[in-house]
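See below for protein_33.txt, which holds compact mmCIF, C-alpha atoms.
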```txt
# COMPACT_ATOMS: atom_id res chain seq x y z
CA MET L 223 91.38 104.70 120.52
CA SER L 224 91.60 106.12 117.00
CA ALA L 225 93.65 109.21 116.19
CA VAL L 226 90.45 111.15 115.49
CA ALA L 227 88.95 110.23 118.86
CA GLN L 228 92.19 111.09 120.65
CA TYR L 229 92.20 114.57 119.16
CA HIS L 230 88.50 115.06 119.56
CA GLY L 231 88.58 114.02 123.20
CA LEU L 232 85.13 112.44 123.26
CA PRO L 233 84.56 109.39 125.45
CA ALA L 234 83.74 106.08 123.74
CA SER L 235 80.18 106.23 125.10
CA VAL L 236 79.30 109.15 122.80
CA ARG L 237 81.05 108.22 119.56
CA LEU L 238 80.64 105.48 117.00
CA PRO L 239 82.96 102.49 117.28
CA ASP L 240 86.12 102.80 115.17
CA GLN L 241 85.06 99.80 113.03
CA THR L 242 81.77 101.48 111.98
CA ARG L 243 81.43 101.62 108.19
CA ILE L 244 78.71 102.83 105.86
CA GLY L 245 77.34 100.30 103.37
CA ALA L 246 76.82 100.66 99.65
CA VAL L 247 74.65 103.43 98.24
CA HIS L 248 71.63 102.43 96.12
CA LEU L 249 70.67 104.76 93.26
CA GLN L 250 67.85 104.83 90.73
CA ILE L 251 69.00 105.85 87.28
CA ALA L 252 67.35 106.30 83.88
CA ASP L 253 69.82 104.53 81.56
CA LEU L 254 71.90 101.57 82.72
CA GLN L 255 74.41 101.65 79.86
CA ARG L 256 75.06 105.36 80.30
CA SER L 257 75.67 104.89 84.04
CA LEU L 258 77.85 101.84 83.40
CA GLU L 259 80.10 103.92 81.16
CA TYR L 260 80.26 106.78 83.67
CA TYR L 261 80.95 104.77 86.81
CA GLN L 262 83.63 102.72 85.06
CA GLY L 263 85.14 105.37 82.77
CA VAL L 264 85.05 108.41 85.04
CA LEU L 265 85.10 107.03 88.58
CA GLY L 266 87.15 103.95 87.74
CA LEU L 267 84.91 101.48 89.56
CA GLU L 268 84.76 97.78 88.65
CA VAL L 269 81.58 95.87 87.86
CA PHE L 270 80.89 93.41 90.67
CA ASP L 271 77.55 92.12 89.44
CA ARG L 272 75.27 92.92 86.52
CA SER L 273 71.76 92.01 85.49
CA THR L 274 69.36 93.45 82.96
CA ALA L 275 68.43 96.47 85.05
CA ARG L 276 71.07 96.59 87.81
CA VAL L 277 74.83 96.98 88.21
CA SER L 278 76.88 96.79 91.40
CA PHE L 279 80.21 98.65 91.36
CA GLY L 280 83.18 98.47 93.66
CA VAL L 281 86.94 98.52 93.93
CA LYS L 282 88.94 95.72 92.37
CA GLY L 283 89.82 93.15 95.02
CA ALA L 284 87.34 94.48 97.59
CA ALA L 285 84.80 92.19 99.22
CA GLN L 286 81.80 94.53 99.05
CA PRO L 287 80.41 96.87 96.39
CA LEU L 288 80.27 100.63 96.95
CA VAL L 289 77.40 101.54 94.62
CA HIS L 290 74.34 99.77 93.24
CA VAL L 291 72.54 101.44 90.32
CA VAL L 292 69.09 100.29 89.28
CA GLU L 293 67.53 101.35 85.99
CA LYS L 294 63.97 102.47 86.52
CA HIS L 295 61.85 103.53 83.58
CA GLY L 296 60.42 106.99 84.01
CA VAL L 297 63.23 108.24 86.24
CA SER L 298 64.32 111.66 85.08
CA PRO L 299 67.64 113.35 85.78
CA VAL L 300 67.80 115.65 88.79
CA PRO L 301 67.16 119.24 87.70
CA ARG L 302 70.06 121.69 87.89
CA ARG L 303 68.97 123.17 91.22
CA GLY L 304 68.24 119.71 92.63
CA ARG L 305 65.36 118.30 94.62
CA PHE L 306 64.85 117.16 98.16
CA GLY L 307 66.68 113.93 98.80
CA LEU L 308 70.24 112.94 97.96
CA TYR L 309 72.67 115.86 98.02
CA HIS L 310 75.63 113.70 97.13
CA PHE L 311 77.34 110.51 98.12
CA ALA L 312 81.04 110.43 98.86
CA VAL L 313 83.87 108.21 97.67
CA LEU L 314 86.93 108.33 99.94
CA LEU L 315 90.24 107.67 98.19
CA PRO L 316 93.07 106.27 100.34
CA ASP L 317 95.47 109.19 99.96
CA ARG L 318 96.21 112.57 98.40
CA GLY L 319 98.26 111.05 95.57
CA ALA L 320 95.24 109.01 94.43
CA LEU L 321 93.07 112.15 94.52
CA GLY L 322 95.71 114.00 92.48
CA ARG L 323 95.68 111.25 89.83
CA PHE L 324 91.89 111.29 89.82
CA ALA L 325 91.84 115.09 89.43
CA ALA L 326 94.19 114.93 86.43
CA HIS L 327 92.03 112.18 84.92
CA VAL L 328 88.77 114.11 85.36
CA LEU L 329 90.22 117.32 83.95
CA GLY L 330 91.73 115.33 81.06
CA LEU L 331 88.22 114.10 80.23
CA GLY L 332 87.14 117.72 79.90
CA LEU L 333 84.93 117.65 82.99
CA ALA L 334 84.71 120.70 85.23
CA PRO L 335 84.23 119.44 88.79
CA GLY L 336 83.53 121.60 91.78
CA MET L 337 86.53 121.72 94.09
CA ALA L 338 87.06 122.54 97.75
CA ASP L 339 89.65 122.45 100.47
CA HIS L 340 87.84 121.59 103.71
CA ALA L 341 90.97 121.80 105.93
CA VAL L 342 90.45 118.15 106.99
CA SER L 343 90.11 116.92 103.40
CA GLU L 344 90.32 117.96 99.76
CA ALA L 345 87.39 117.21 97.46
CA LEU L 346 86.15 117.19 93.90
CA TYR L 347 82.41 117.35 93.22
CA LEU L 348 80.86 115.75 90.14
CA SER L 349 77.40 114.89 88.86
CA ASP L 350 76.66 111.57 87.21
CA PRO L 351 74.55 111.42 84.02
CA ASP L 352 71.37 111.49 86.12
CA GLY L 353 72.46 114.61 87.98
CA LEU L 354 73.27 112.70 91.18
CA GLY L 355 76.05 114.37 93.14
CA ILE L 356 79.31 112.57 93.85
CA GLU L 357 82.08 113.82 96.11
CA VAL L 358 85.48 112.20 95.54
CA TYR L 359 87.86 113.16 98.30
CA ALA L 360 90.91 112.32 100.38
CA ASP L 361 91.34 113.06 104.05
CA ARG L 362 94.34 114.88 105.39
CA PRO L 363 96.13 113.08 108.24
CA ALA L 364 93.99 113.38 111.40
CA GLU L 365 97.05 114.66 113.27
CA SER L 366 96.89 117.85 111.15
CA TRP L 367 93.23 118.60 111.94
CA SER L 368 92.41 121.61 114.11
CA TYR L 369 89.85 121.86 116.88
CA GLN L 370 88.18 124.73 118.67
CA GLY L 371 87.36 123.14 121.97
CA LYS L 372 85.73 119.84 121.00
CA GLU L 373 84.61 121.06 117.57
CA LEU L 374 86.47 120.05 114.44
CA VAL L 375 87.46 123.07 112.33
CA MET L 376 86.33 122.65 108.72
CA THR L 377 86.33 125.16 105.90
CA THR L 378 85.28 125.50 102.29
CA GLU L 379 88.22 127.22 100.65
CA PRO L 380 89.52 127.15 97.08
CA LEU L 381 91.42 123.98 96.24
CA ASP L 382 94.98 124.30 94.95
CA ILE L 383 94.41 121.98 92.00
CA THR L 384 97.95 122.38 90.63
CA GLU L 385 99.47 121.24 93.92
CA LEU L 386 96.94 118.42 94.20
CA ILE L 387 97.70 117.10 90.71
CA ALA L 388 101.42 117.28 91.52
CA ALA L 389 100.75 114.93 94.46
CA GLY L 390 99.80 112.31 91.84
CA LYS L 391 103.43 112.39 90.62
CA GLY L 392 102.42 112.31 86.97
CA GLU L 393 101.05 108.76 87.25
CA ASP L 394 97.93 107.80 85.32
CA TRP L 395 94.59 107.13 86.99
CA ARG L 396 94.09 103.39 86.71
CA GLY L 397 90.77 103.20 88.48
CA ALA L 398 89.74 103.44 92.10
CA PRO L 399 92.68 102.01 94.08
CA ALA L 400 92.59 99.49 96.91
CA GLY L 401 91.48 101.18 100.10
CA THR L 402 88.80 103.28 98.39
CA THR L 403 85.61 103.35 100.47
```
Can you turn what I pasted into structure tokens?
Amino acid sequence: MSAVAQYHGLPASVRLPDQTRIGAVHLQIADLQRSLEYYQGVLGLEVFDRSTARVSFGVKGAAQPLVHVVEKHGVSPVPRRGRFGLYHFAVLLPDRGALGRFAAHVLGLGLAPGMADHAVSEALYLSDPDGLGIEVYADRPAESWSYQGKELVMTTEPLDITELIAAGKGEDWRGAPAGTT
């Protein structure tokens, strides 16, 4: 039984198996080169496969890609207030130190991400060049999560960005590390 299930107290019959994973996200974008630069330069993902109108990105050394982008002529960026459909997709970094290095990297690029402390995780929120939302986050250890009865307590509080960056120990962001999902 996983740590989360132990704390949540739900029987196996009503929860997903521990080995359940979500596959790669597929996105339509307007400009392949622009997205290539963003997903490599900002998110630090590696190119797994590339064709004239499609790129698959993932983490160096991983077996499967995380994101597929497909250039489609006529696709326009999501307007500022969004549309129905994708709210955001999430990239889970393996630990708080990696998120701290990513935060320093993003701020060093002059980007202004949204930020939140969700009690169970800390997150940065970005938009790619097509206005598609991306959450980059790290979970806190499941042992530190709080429950009210069987419900997980989550919040949306201000993120202590200074403390988060300090968790990166001054190391440079060298791309999405092993263990990123």
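The space separating atom CA of Ile251 of chain L from atom CA of Glu293 of chain L comes to 4.9 Å.
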Checklist entry - Which residue out of L:Ile244, L:Leu249, L:Leu374, L:Val264 has the minimum interatomic distance to Leu331 of chain L when only C-alpha atoms are used? => result L:Val264
Checklist entry - Hey, what's within 7 Å of segment 281-290 of chain L if we count only C-alpha atoms and toss same-chain stuff fewer than 5 positions away? As a ChimeraX atom specification, please? => result /L:246-249,267-268,270,398-400,402-403
Next on the checklist: Would you compute the distance between atom CA of His327 of chain L and atom CA of Ala388 of chain L? Give it in Å to one decimal.
Outcome noted: 12.6 Å
Next on the checklist: Just the number, please: distance in Å from atom CA of Leu381 of chain L to atom CA of Pro351 of chain L, one decimal.
Outcome noted: 24.3 Å
Checklist entry - Of the candidates L:Val358, L:Ala320, L:Ala338, L:Ala364, which shows the shortest atom-to-atom distance to Trp395 of chain L, using all atoms listed in the file? => result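 That would be L:Ala320, the residue with the smallest distance to Trp395 of chain L.
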Next on the checklist: Using all atoms listed in the file, can you tell me which of L:Glu373, L:Ala252, L:Ser298, L:Asp361 comes closest to Arg276 of chain L?
Outcome noted: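 So, comparing all the options, the nearest one is L:Ala252.
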Checklist outcome for this item: Using all atoms listed in the file, the shortest atom-to-atom distance to Tyr309 of chain L among L:Leu265, L:Leu354, L:Val292, L:Ala345 belongs to L:Leu354
Next on the checklist: Would you pick out the contacts of Phe324 of chain L at 10 Å or less, using all atoms listed in the file, so that residues sharing its chain but fewer than 3 positions from it are not included, and give the list as number ranges by chain?
Outcome noted: L: 264-266, 315, 318-321, 327-330, 346, 358-359, 386-387, 390, 393-398
Item to check | Selected residue, from L:Pro363, L:Gly322, L:Gly296, L:Gly263, that lies nearest to Glu385 of chain L when counting only C-alpha atoms | outcome: L:Gly322
Next on the checklist: Could you check the closest approach to Gly336 of chain L for each of L:Tyr260, L:Asp317, L:Gln250, L:Pro380 and tell me which residue wins, using all atoms listed in the file?
Outcome noted: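 Under the stated criterion, the closest residue is L:Pro380.
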